[in-house]
file protein-v2.cif (mmCIF, C-alpha atoms)
data_work
loop_
_atom_site.label_atom_id
_atom_site.label_comp_id
_atom_site.auth_asym_id
_atom_site.auth_seq_id
_atom_site.Cartn_x
_atom_site.Cartn_y
_atom_site.Cartn_z
CA MET A 1 13.36 4.91 25.46
CA LYS A 2 13.42 3.02 22.16
CA ILE A 3 10.64 3.73 19.65
CA ALA A 4 9.80 2.31 16.24
CA LEU A 5 8.32 4.01 13.18
CA ALA A 6 6.59 2.12 10.38
CA GLN A 7 7.08 3.80 7.01
CA MET A 8 4.44 2.37 4.67
CA THR A 9 3.19 2.36 1.10
CA THR A 10 -0.40 1.67 2.09
CA GLY A 11 -2.70 0.25 -0.57
CA VAL A 12 -6.41 -0.10 -1.25
CA ASP A 13 -6.98 -3.45 0.52
CA PRO A 14 -7.52 -3.10 4.31
CA VAL A 15 -6.88 -6.83 4.83
CA ARG A 16 -3.36 -6.60 3.39
CA ASN A 17 -2.71 -3.34 5.21
CA ALA A 18 -3.84 -4.86 8.53
CA ALA A 19 -1.47 -7.80 8.04
CA GLU A 20 1.44 -5.43 7.39
CA LEU A 21 0.62 -3.45 10.52
CA VAL A 22 0.39 -6.57 12.67
CA ASP A 23 3.80 -7.69 11.41
CA ALA A 24 5.20 -4.25 12.24
CA VAL A 25 3.78 -4.36 15.78
CA HIS A 26 5.44 -7.69 16.51
CA ALA A 27 8.72 -6.72 14.84
CA ALA A 28 8.89 -3.49 16.83
CA ALA A 29 8.26 -5.34 20.08
CA ARG A 30 10.90 -7.98 19.29
CA ALA A 31 13.41 -5.19 18.71
CA GLY A 32 12.71 -3.76 22.17
CA ALA A 33 10.65 -0.69 21.24
CA VAL A 34 8.20 0.54 23.87
CA MET A 35 5.98 2.20 21.26
CA LEU A 36 5.32 1.94 17.52
CA PHE A 37 4.20 4.89 15.40
CA THR A 38 2.42 4.39 12.05
CA PRO A 39 1.50 6.86 9.27
CA GLU A 40 -1.66 8.71 8.38
CA MET A 41 -4.19 6.44 6.62
CA SER A 42 -2.43 3.26 7.73
CA GLY A 43 -5.48 1.10 7.02
CA LEU A 44 -6.50 2.39 3.59
CA LEU A 45 -5.07 4.91 1.13
CA ASP A 46 -7.38 5.31 -1.85
CA ARG A 47 -8.42 8.51 -3.63
CA ASP A 48 -11.09 6.61 -5.60
CA ARG A 49 -13.89 7.71 -3.30
CA ALA A 50 -16.45 5.20 -4.56
CA ARG A 51 -14.08 2.28 -4.02
CA ALA A 52 -12.83 3.66 -0.70
CA GLY A 53 -16.35 4.28 0.52
CA ALA A 54 -17.14 0.59 0.18
CA ALA A 55 -14.24 -0.28 2.49
CA ILE A 56 -14.68 2.45 5.12
CA VAL A 57 -16.75 1.40 8.16
CA ASP A 58 -17.62 2.60 11.65
CA GLU A 59 -14.89 2.45 14.29
CA GLY A 60 -16.45 -0.55 16.03
CA GLU A 61 -16.39 -2.57 12.79
CA ASP A 62 -12.94 -1.62 11.52
CA ARG A 63 -10.82 -4.74 11.03
CA VAL A 64 -7.54 -2.81 10.93
CA LEU A 65 -8.14 -1.23 14.33
CA ARG A 66 -9.25 -4.57 15.74
CA ALA A 67 -6.14 -6.33 14.40
CA VAL A 68 -3.73 -3.69 15.69
CA ARG A 69 -5.33 -3.67 19.14
CA ALA A 70 -5.02 -7.46 19.35
CA ALA A 71 -1.39 -7.38 18.17
CA ALA A 72 -0.49 -4.65 20.67
CA ALA A 73 -1.94 -6.73 23.51
CA GLU A 74 -0.16 -9.88 22.34
CA ALA A 75 3.19 -8.14 21.83
CA ARG A 76 2.82 -5.92 24.94
CA ILE A 77 3.68 -2.71 23.11
CA TRP A 78 2.01 0.70 22.80
CA VAL A 79 0.96 1.82 19.33
CA GLU A 80 0.15 5.26 17.96
CA LEU A 81 -1.97 4.25 14.97
CA GLY A 82 -1.36 7.31 12.80
CA SER A 83 -4.87 7.42 11.39
CA LEU A 84 -7.72 5.46 9.87
CA ALA A 85 -10.53 6.56 7.58
CA LEU A 86 -13.79 5.88 9.41
CA ARG A 87 -17.47 6.64 9.12
CA GLY A 88 -19.23 8.90 11.59
CA GLY A 89 -18.32 12.44 10.59
CA GLU A 90 -20.64 15.41 10.50
CA GLY A 91 -22.90 15.61 7.47
CA GLY A 92 -22.40 11.97 6.55
CA ARG A 93 -18.70 12.50 5.85
CA PHE A 94 -15.82 10.33 7.05
CA VAL A 95 -13.31 11.17 9.79
CA ASN A 96 -9.52 10.90 9.68
CA ARG A 97 -8.87 9.50 13.18
CA SER A 98 -5.69 8.75 15.11
CA PHE A 99 -5.56 6.28 18.03
CA VAL A 100 -3.26 5.79 20.99
CA ILE A 101 -3.40 2.11 21.98
CA ASP A 102 -1.76 0.79 25.14
CA ALA A 103 0.10 -2.47 25.73
CA ALA A 104 -3.14 -4.16 26.80
CA GLY A 105 -4.77 -3.25 23.48
CA GLN A 106 -7.00 -0.59 25.04
CA ILE A 107 -7.66 2.73 23.29
CA ARG A 108 -6.27 5.54 25.46
CA ALA A 109 -7.02 8.45 23.12
CA ARG A 110 -8.64 9.39 19.82
CA TYR A 111 -7.98 12.46 17.69
CA ASP A 112 -9.81 13.55 14.54
CA LYS A 113 -7.76 15.65 12.11
CA LEU A 114 -8.59 19.33 12.55
CA HIS A 115 -7.11 20.90 9.40
CA LEU A 116 -8.21 19.44 6.07
CA PHE A 117 -6.02 19.50 2.95
CA ASP A 118 -7.89 21.59 0.36
CA VAL A 119 -5.19 22.84 -2.02
CA ASP A 120 -4.20 23.29 -5.66
CA LEU A 121 -0.50 22.56 -6.11
CA PRO A 122 1.78 23.96 -8.86
CA SER A 123 2.31 20.35 -10.02
CA GLY A 124 -1.35 20.23 -11.06
CA GLU A 125 -2.42 18.08 -8.11
CA ARG A 126 -5.77 19.14 -6.66
CA TRP A 127 -6.91 17.92 -3.25
CA ARG A 128 -10.26 18.52 -1.53
CA GLU A 129 -10.14 16.53 1.69
CA SER A 130 -13.15 18.38 3.08
CA ALA A 131 -15.37 16.97 0.33
CA ALA A 132 -15.19 13.56 1.97
CA TYR A 133 -13.96 14.21 5.52
CA ALA A 134 -15.33 16.23 8.42
CA PRO A 135 -12.85 18.15 10.62
CA GLY A 136 -12.33 17.24 14.24
CA ALA A 137 -13.71 19.31 17.09
CA SER A 138 -10.90 19.31 19.65
CA ALA A 139 -7.17 19.12 20.22
CA VAL A 140 -5.96 16.08 22.17
CA VAL A 141 -3.02 15.15 24.40
CA ALA A 142 -2.46 11.63 25.73
CA ASP A 143 -0.20 10.26 28.44
CA SER A 144 2.14 7.50 27.25
CA PRO A 145 5.29 5.68 28.42
CA LEU A 146 7.23 8.45 26.67
CA GLY A 147 5.45 11.28 28.47
CA ARG A 148 2.55 13.50 27.48
CA MET A 149 2.05 13.41 23.72
CA GLY A 150 0.24 15.94 21.56
CA LEU A 151 -1.68 14.39 18.67
CA SER A 152 -1.92 15.82 15.16
CA ILE A 153 -2.12 14.58 11.58
CA CYS A 154 -0.28 15.67 8.42
CA TYR A 155 -1.62 19.07 7.24
CA ASP A 156 -2.01 20.09 10.91
CA LEU A 157 1.78 20.55 10.78
CA ARG A 158 1.35 23.95 9.15
CA PHE A 159 -0.71 25.44 11.99
CA ALA A 160 1.59 26.39 14.85
CA GLY A 161 -1.32 27.49 17.04
CA LEU A 162 -2.40 23.86 17.42
CA TYR A 163 1.03 22.89 18.76
CA ALA A 164 1.04 25.88 21.12
CA ALA A 165 -2.23 24.58 22.57
CA LEU A 166 -0.80 21.04 22.89
CA SER A 167 2.35 22.41 24.52
CA ASN A 168 0.28 24.51 26.92
CA ALA A 169 -1.51 21.28 27.90
CA GLY A 170 1.83 19.73 28.85
CA ALA A 171 2.89 17.93 25.67
CA THR A 172 6.59 17.12 25.54
CA LEU A 173 6.26 14.93 22.43
CA LEU A 174 4.42 15.82 19.23
CA SER A 175 3.17 13.03 16.98
CA ILE A 176 2.63 14.04 13.34
CA PRO A 177 1.74 10.99 11.19
CA ALA A 178 1.48 11.97 7.54
CA ALA A 179 0.90 11.17 3.89
CA PHE A 180 2.69 14.22 2.49
CA THR A 181 2.72 14.75 -1.26
CA ARG A 182 6.14 14.72 -2.89
CA PRO A 183 6.10 18.40 -3.99
CA THR A 184 5.11 19.73 -0.57
CA GLY A 185 7.36 17.26 1.20
CA ALA A 186 10.44 18.25 -0.77
CA ALA A 187 9.74 21.93 -0.11
CA HIS A 188 8.59 22.01 3.50
CA TRP A 189 8.67 18.68 5.38
CA HIS A 190 12.04 18.86 7.13
CA VAL A 191 12.00 22.58 7.92
CA LEU A 192 8.52 22.49 9.44
CA MET A 193 9.20 19.38 11.52
CA ARG A 194 12.40 20.85 12.90
CA ALA A 195 10.66 24.17 13.55
CA ARG A 196 7.92 22.50 15.60
CA ALA A 197 10.52 20.65 17.68
CA ILE A 198 12.55 23.80 18.28
CA GLU A 199 9.76 26.27 19.02
CA PHE A 200 8.04 23.91 21.50
CA ALA A 201 11.23 22.26 22.86
CA ALA A 202 9.66 18.86 22.28
CA PHE A 203 10.39 15.62 20.49
CA VAL A 204 8.67 15.35 17.11
CA ILE A 205 7.77 11.86 15.85
CA ALA A 206 6.49 11.73 12.28
CA ALA A 207 5.73 8.35 10.68
CA ALA A 208 5.01 8.80 6.98
CA GLN A 209 3.68 7.18 3.86
CA THR A 210 6.18 6.71 1.04
CA GLY A 211 6.42 5.80 -2.63
CA THR A 212 3.87 5.18 -5.39
CA HIS A 213 0.57 3.81 -4.11
CA GLU A 214 -2.03 1.57 -5.76
CA ASP A 215 -4.35 4.54 -6.27
CA GLY A 216 -1.64 6.36 -8.25
CA ARG A 217 -0.64 8.99 -5.71
CA GLU A 218 2.96 9.51 -4.67
CA THR A 219 4.03 10.31 -1.13
CA TYR A 220 7.26 11.79 0.18
CA GLY A 221 8.43 9.38 2.90
CA HIS A 222 11.26 10.62 5.14
CA SER A 223 9.68 9.52 8.43
CA LEU A 224 11.45 11.62 11.05
CA VAL A 225 12.33 11.77 14.71
CA VAL A 226 13.56 15.20 15.80
CA ASP A 227 14.85 16.05 19.27
CA PRO A 228 13.93 19.20 21.24
CA TRP A 229 17.09 20.99 20.01
CA GLY A 230 16.03 20.41 16.40
CA GLU A 231 18.52 17.63 15.66
CA VAL A 232 17.23 14.88 13.35
CA LEU A 233 17.68 11.53 15.12
CA LEU A 234 16.09 9.44 12.37
CA ASP A 235 15.33 10.05 8.70
CA MET A 236 13.98 6.94 6.94
CA LYS A 237 14.43 8.38 3.40
CA ASP A 238 12.30 6.65 0.73
CA ALA A 239 12.09 2.94 1.53
CA PRO A 240 9.19 1.35 3.39
CA GLY A 241 9.98 -0.59 6.54
CA LEU A 242 10.72 -0.12 10.23
CA GLY A 243 13.03 2.51 11.69
CA PHE A 244 14.17 2.92 15.29
CA ALA A 245 15.29 5.78 17.50
CA ASP A 246 16.36 6.08 21.13
CA LEU A 247 14.82 9.04 22.92
CA ASP A 248 16.74 10.58 25.81
CA LEU A 249 13.78 12.11 27.61
CA ALA A 250 16.11 14.08 29.89
CA ALA A 251 16.90 16.20 26.82
CA ILE A 252 13.53 17.92 27.17
CA ASP A 253 14.38 19.55 30.50
CA LEU A 254 17.94 20.28 29.40
CA VAL A 255 16.80 22.13 26.28
CA ARG A 256 14.05 23.96 28.13
CA ALA A 257 16.59 25.13 30.70
CA ARG A 258 19.08 26.19 28.00
CA VAL A 259 16.51 28.22 26.04
CA PRO A 260 13.45 28.61 28.30
CA VAL A 261 10.87 29.26 25.60
CA ILE A 262 8.17 27.41 27.56
CA ALA A 263 8.75 29.39 30.76
CA HIS A 264 8.90 32.65 28.79
CA ARG A 265 5.66 32.06 26.87
CA ARG A 266 3.05 34.78 27.37
CA ALA A 267 -0.53 35.17 26.28
CA ILE A 268 -0.54 37.28 23.13
CA PRO A 269 -2.33 40.61 23.67
CA PRO A 270 -4.71 42.08 21.09
CA VAL A 271 -3.00 43.27 17.92
CA GLU A 272 -2.95 47.00 17.34
CA VAL A 273 -3.47 47.95 13.70
CA MET A 274 -1.73 51.21 12.80
CA SER A 275 -2.77 53.10 9.71
#

call {"tool": "encode", "arguments": {"input": "protein-v2.cif", "output": "structure tokens"}}
result
Amino acid sequence: MKIALAQMTTGVDPVRNAAELVDAVHAAARAGAVMLFTPEMSGLLDRDRARAGAAIVDEGEDRVLRAVRAAAAEARIWVELGSLALRGGEGGRFVNRSFVIDAAGQIRARYDKLHLFDVDLPSGERWRESAAYAPGASAVVADSPLGRMGLSICYDLRFAGLYAALSNAGATLLSIPAAFTRPTGAAHWHVLMRARAIEFAAFVIAAAQTGTHEDGRETYGHSLVVDPWGEVLLDMKDAPGLGFADLDLAAIDLVRARVPVIAHRRAIPPVEVMS
């Protein structure tokens, strides 16, 4: 199964971002991909909250989502739209929402990011995602032409319990669209992506933002596809554009037979604290 990943340097204008996504949908389909994966915040990446707030709308009014759905239907390709900033979160906050869109342009699944990036980095960067965004309320798996896919977004990567729940629900692919910062990406991106693939014997597909954005932030890039044995099938490095990978879905059963971590999984009993 051939898939495509769009590595983007998303800006502050949803109209331009929508046009780039539509071009990517058609290019991926022309190249024979059955599904396109895009990064976190594909429609708008802007840390100026006043300016961003003027561009963020309800799901039903979002022009980026509407454009991608129409392009998917026209090109007859599935799309995992990594995420969009939308209104409708608890307490008047936004949501960071991922969509699985089928080849008829219909939405098959939605997932709101569970873990919000509230950190102070050694570089001096300070992020408080929870100030503007509400966390999601549930984990989500979605059936696709590639098999059952577990949905997650960026900072979720660091919480293995989420992926255990997705794996327990039958996920054999893990989608992890992201806008990783450069410092955290350089330190942890590859090792965590490979770890998730290995410990859950699943394909990991991680479309990422890259480069210096209009709002001044810098993202790490290195969109990845990792197979269930932990081998990196695609690393897109720093440049924006489309990347492609061929997934041998039979590898899932082969790896799970070789090291049967899924069959051996047990419910964890209560922890005994010894003093």

call {"tool": "residues_around", "arguments": {"input": "protein-v2.cif", "residues": "Lys237 of chain A", "least_positions_apart": "6", "cutoff": "8 Å", "atoms": "all atoms listed in the file", "output": "ChimeraX atom specification"}}
result
/A:221-223

call {"tool": "residues_around", "arguments": {"input": "protein-v2.cif", "residues": "Arg66 of chain A", "least_positions_apart": "6", "cutoff": "10 Å", "atoms": "only C-alpha atoms", "output": "PyMOL selection string"}}
result
chain A and resi 18+59-60+105

call {"tool": "resolve_selection", "arguments": {"input": "protein-v2.cif", "expression": "the PyMOL selection byres ((chain A and resi 147-157) around 7)", "output": "PyMOL selection string"}}
result
chain A and resi 40+111+113-117+140-146+158-159+166+170-180

call {"tool": "atom_distance", "arguments": {"input": "protein-v2.cif", "atom1": "atom CA of Val15 of chain A", "atom2": "atom CA of Ala55 of chain A"}}
result
10.1 Å

call {"tool": "resolve_selection", "arguments": {"input": "protein-v2.cif", "expression": "the PyMOL selection byres ((chain A and resi 7) around 8)", "output": "number ranges by chain"}}
result
A: 5-6, 8-9, 38-39, 207-210, 221, 223, 236, 239-243

call {"tool": "closest_residue", "arguments": {"input": "protein-v2.cif", "among": "A:Glu61, A:Ala27, A:Trp78, A:Gly53", "to": "Tyr133 of chain A", "atoms": "all atoms listed in the file"}}
result
A:Gly53

call {"tool": "atom_distance", "arguments": {"input": "protein-v2.cif", "atom1": "atom CA of Ala131 of chain A", "atom2": "atom CA of Gly43 of chain A"}}
result
19.9 Å

call {"tool": "closest_residue", "arguments": {"input": "protein-v2.cif", "among": "A:Val34, A:Val232, A:Ala19, A:Val100", "to": "Val64 of chain A", "atoms": "all atoms listed in the file"}}
result
A:Ala19

call {"tool": "atom_distance", "arguments": {"input": "protein-v2.cif", "atom1": "atom CA of Ala24 of chain A", "atom2": "atom CA of Gln106 of chain A"}}
result
18.1 Å

call {"tool": "resolve_selection", "arguments": {"input": "protein-v2.cif", "expression": "the PyMOL selection byres ((chain A and resi 89) around 10)", "output": "list in words"}}
result
Asp58, Leu86, Arg87, Gly88, Glu90, Gly91, Gly92, Arg93, Phe94, Val95, Asn96, Asp112, Ala132, Tyr133, Ala134, Pro135 and Gly136 of chain A

call {"tool": "closest_residue", "arguments": {"input": "protein-v2.cif", "among": "A:Asp102, A:Asp23, A:Asp246, A:Asp215", "to": "Leu234 of chain A", "atoms": "all atoms listed in the file"}}
result
A:Asp246

call {"tool": "residues_near_point", "arguments": {"input": "protein-v2.cif", "point": "(6.6, 24.2, 9.9)", "cutoff": "12 Å", "atoms": "only C-alpha atoms", "output": "PyMOL selection string"}}
result
chain A and resi 154-163+176+184-185+187-200+204

call {"tool": "write_last_selection", "arguments": {"input": "protein-v2.cif", "atoms": "C-alpha atoms", "output": "compact mmCIF listing (two decimals), in the frame of the given file"}}
result
# COMPACT_ATOMS: atom_id res chain seq x y z
CA CYS A 154 -0.28 15.67 8.42
CA TYR A 155 -1.62 19.07 7.24
CA ASP A 156 -2.01 20.09 10.91
CA LEU A 157 1.78 20.55 10.78
CA ARG A 158 1.35 23.95 9.15
CA PHE A 159 -0.71 25.44 11.99
CA ALA A 160 1.59 26.39 14.85
CA GLY A 161 -1.32 27.49 17.04
CA LEU A 162 -2.40 23.86 17.42
CA TYR A 163 1.03 22.89 18.76
CA ILE A 176 2.63 14.04 13.34
CA THR A 184 5.11 19.73 -0.57
CA GLY A 185 7.36 17.26 1.20
CA ALA A 187 9.74 21.93 -0.11
CA HIS A 188 8.59 22.01 3.50
CA TRP A 189 8.67 18.68 5.38
CA HIS A 190 12.04 18.86 7.13
CA VAL A 191 12.00 22.58 7.92
CA LEU A 192 8.52 22.49 9.44
CA MET A 193 9.20 19.38 11.52
CA ARG A 194 12.40 20.85 12.90
CA ALA A 195 10.66 24.17 13.55
CA ARG A 196 7.92 22.50 15.60
CA ALA A 197 10.52 20.65 17.68
CA ILE A 198 12.55 23.80 18.28
CA GLU A 199 9.76 26.27 19.02
CA PHE A 200 8.04 23.91 21.50
CA VAL A 204 8.67 15.35 17.11

call {"tool": "closest_atom_pairs", "arguments": {"input": "protein-v2.cif", "of": "segment 122-238 of chain A", "to": "segment 256-263 of chain A", "cutoff": "9 Å", "atoms": "only C-alpha atoms", "output": "tab-separated table"}}
result
residue	atom	partner	partner_atom	distance
A:Ser167	CA	A:Ile262	CA	8.3
A:Asn168	CA	A:Ile262	CA	8.4
A:Glu199	CA	A:Val261	CA	7.3
A:Phe200	CA	A:Ile262	CA	7.0
A:Ala201	CA	A:Arg256	CA	6.2
A:Ala202	CA	A:Arg256	CA	8.9
A:Pro228	CA	A:Arg256	CA	8.4

call {"tool": "build_atoms", "arguments": {"input": "protein-v2.cif", "residues": "segment 122-146 of chain A", "atoms": "N, CA, C and O atoms", "output": "short mmCIF file (atom, residue, chain, number, x, y, z; two decimals), in the coordinates of the input"}}
result
data_model
loop_
_atom_site.label_atom_id
_atom_site.label_comp_id
_atom_site.auth_asym_id
_atom_site.auth_seq_id
_atom_site.Cartn_x
_atom_site.Cartn_y
_atom_site.Cartn_z
N PRO A 122 1.20 23.60 -7.55
CA PRO A 122 1.78 23.96 -8.86
C PRO A 122 2.00 22.77 -9.78
O PRO A 122 2.04 22.93 -11.00
N SER A 123 2.12 21.56 -9.21
CA SER A 123 2.31 20.35 -10.02
C SER A 123 1.05 19.95 -10.77
O SER A 123 1.09 19.05 -11.61
N GLY A 124 -0.08 20.60 -10.45
CA GLY A 124 -1.35 20.23 -11.06
C GLY A 124 -2.21 19.35 -10.16
O GLY A 124 -3.38 19.10 -10.47
N GLU A 125 -1.64 18.88 -9.05
CA GLU A 125 -2.42 18.08 -8.11
C GLU A 125 -3.45 18.97 -7.43
O GLU A 125 -3.16 20.08 -7.01
N ARG A 126 -4.68 18.42 -7.31
CA ARG A 126 -5.77 19.14 -6.66
C ARG A 126 -6.38 18.24 -5.60
O ARG A 126 -6.76 17.11 -5.89
N TRP A 127 -6.42 18.72 -4.37
CA TRP A 127 -6.91 17.92 -3.25
C TRP A 127 -8.03 18.67 -2.54
O TRP A 127 -7.91 19.86 -2.25
N ARG A 128 -9.13 17.96 -2.26
CA ARG A 128 -10.26 18.52 -1.53
C ARG A 128 -10.69 17.54 -0.45
O ARG A 128 -11.68 16.84 -0.55
N GLU A 129 -9.87 17.49 0.62
CA GLU A 129 -10.14 16.53 1.69
C GLU A 129 -11.50 16.79 2.35
O GLU A 129 -12.19 15.86 2.76
N SER A 130 -11.90 18.05 2.40
CA SER A 130 -13.15 18.38 3.08
C SER A 130 -14.39 17.90 2.34
O SER A 130 -15.48 17.87 2.90
N ALA A 131 -14.23 17.50 1.07
CA ALA A 131 -15.37 16.97 0.33
C ALA A 131 -15.81 15.62 0.88
O ALA A 131 -16.98 15.25 0.76
N ALA A 132 -14.86 14.89 1.46
CA ALA A 132 -15.19 13.56 1.97
C ALA A 132 -15.04 13.43 3.49
O ALA A 132 -15.64 12.53 4.09
N TYR A 133 -14.27 14.34 4.11
CA TYR A 133 -13.96 14.21 5.52
C TYR A 133 -14.44 15.43 6.31
O TYR A 133 -14.34 16.56 5.84
N ALA A 134 -14.93 15.16 7.50
CA ALA A 134 -15.33 16.23 8.42
C ALA A 134 -14.15 16.55 9.35
O ALA A 134 -13.43 15.63 9.76
N PRO A 135 -13.94 17.81 9.70
CA PRO A 135 -12.85 18.15 10.62
C PRO A 135 -13.18 17.73 12.05
O PRO A 135 -14.35 17.60 12.43
N GLY A 136 -12.14 17.52 12.83
CA GLY A 136 -12.33 17.24 14.24
C GLY A 136 -12.81 18.47 15.01
O GLY A 136 -12.83 19.58 14.48
N ALA A 137 -13.15 18.23 16.27
CA ALA A 137 -13.71 19.31 17.09
C ALA A 137 -12.82 19.71 18.25
O ALA A 137 -13.12 20.70 18.94
N SER A 138 -11.72 18.97 18.49
CA SER A 138 -10.90 19.31 19.65
C SER A 138 -9.46 18.86 19.44
O SER A 138 -9.18 17.93 18.67
N ALA A 139 -8.56 19.55 20.15
CA ALA A 139 -7.17 19.12 20.22
C ALA A 139 -7.05 18.09 21.35
O ALA A 139 -7.84 18.09 22.29
N VAL A 140 -6.05 17.20 21.24
CA VAL A 140 -5.96 16.08 22.17
C VAL A 140 -4.50 15.86 22.59
O VAL A 140 -3.60 15.84 21.75
N VAL A 141 -4.28 15.66 23.89
CA VAL A 141 -3.02 15.15 24.40
C VAL A 141 -3.31 13.83 25.09
O VAL A 141 -4.41 13.59 25.59
N ALA A 142 -2.30 12.95 25.11
CA ALA A 142 -2.46 11.63 25.73
C ALA A 142 -1.20 11.28 26.49
O ALA A 142 -0.08 11.49 26.00
N ASP A 143 -1.35 10.74 27.69
CA ASP A 143 -0.20 10.26 28.44
C ASP A 143 0.24 8.91 27.87
O ASP A 143 -0.58 8.08 27.48
N SER A 144 1.56 8.70 27.84
CA SER A 144 2.14 7.50 27.25
C SER A 144 3.40 7.14 28.03
O SER A 144 3.85 7.92 28.88
N PRO A 145 4.02 6.00 27.74
CA PRO A 145 5.29 5.68 28.42
C PRO A 145 6.40 6.67 28.12
O PRO A 145 7.40 6.72 28.84
N LEU A 146 6.23 7.47 27.06
CA LEU A 146 7.23 8.45 26.67
C LEU A 146 6.97 9.82 27.29
O LEU A 146 7.78 10.73 27.12
#
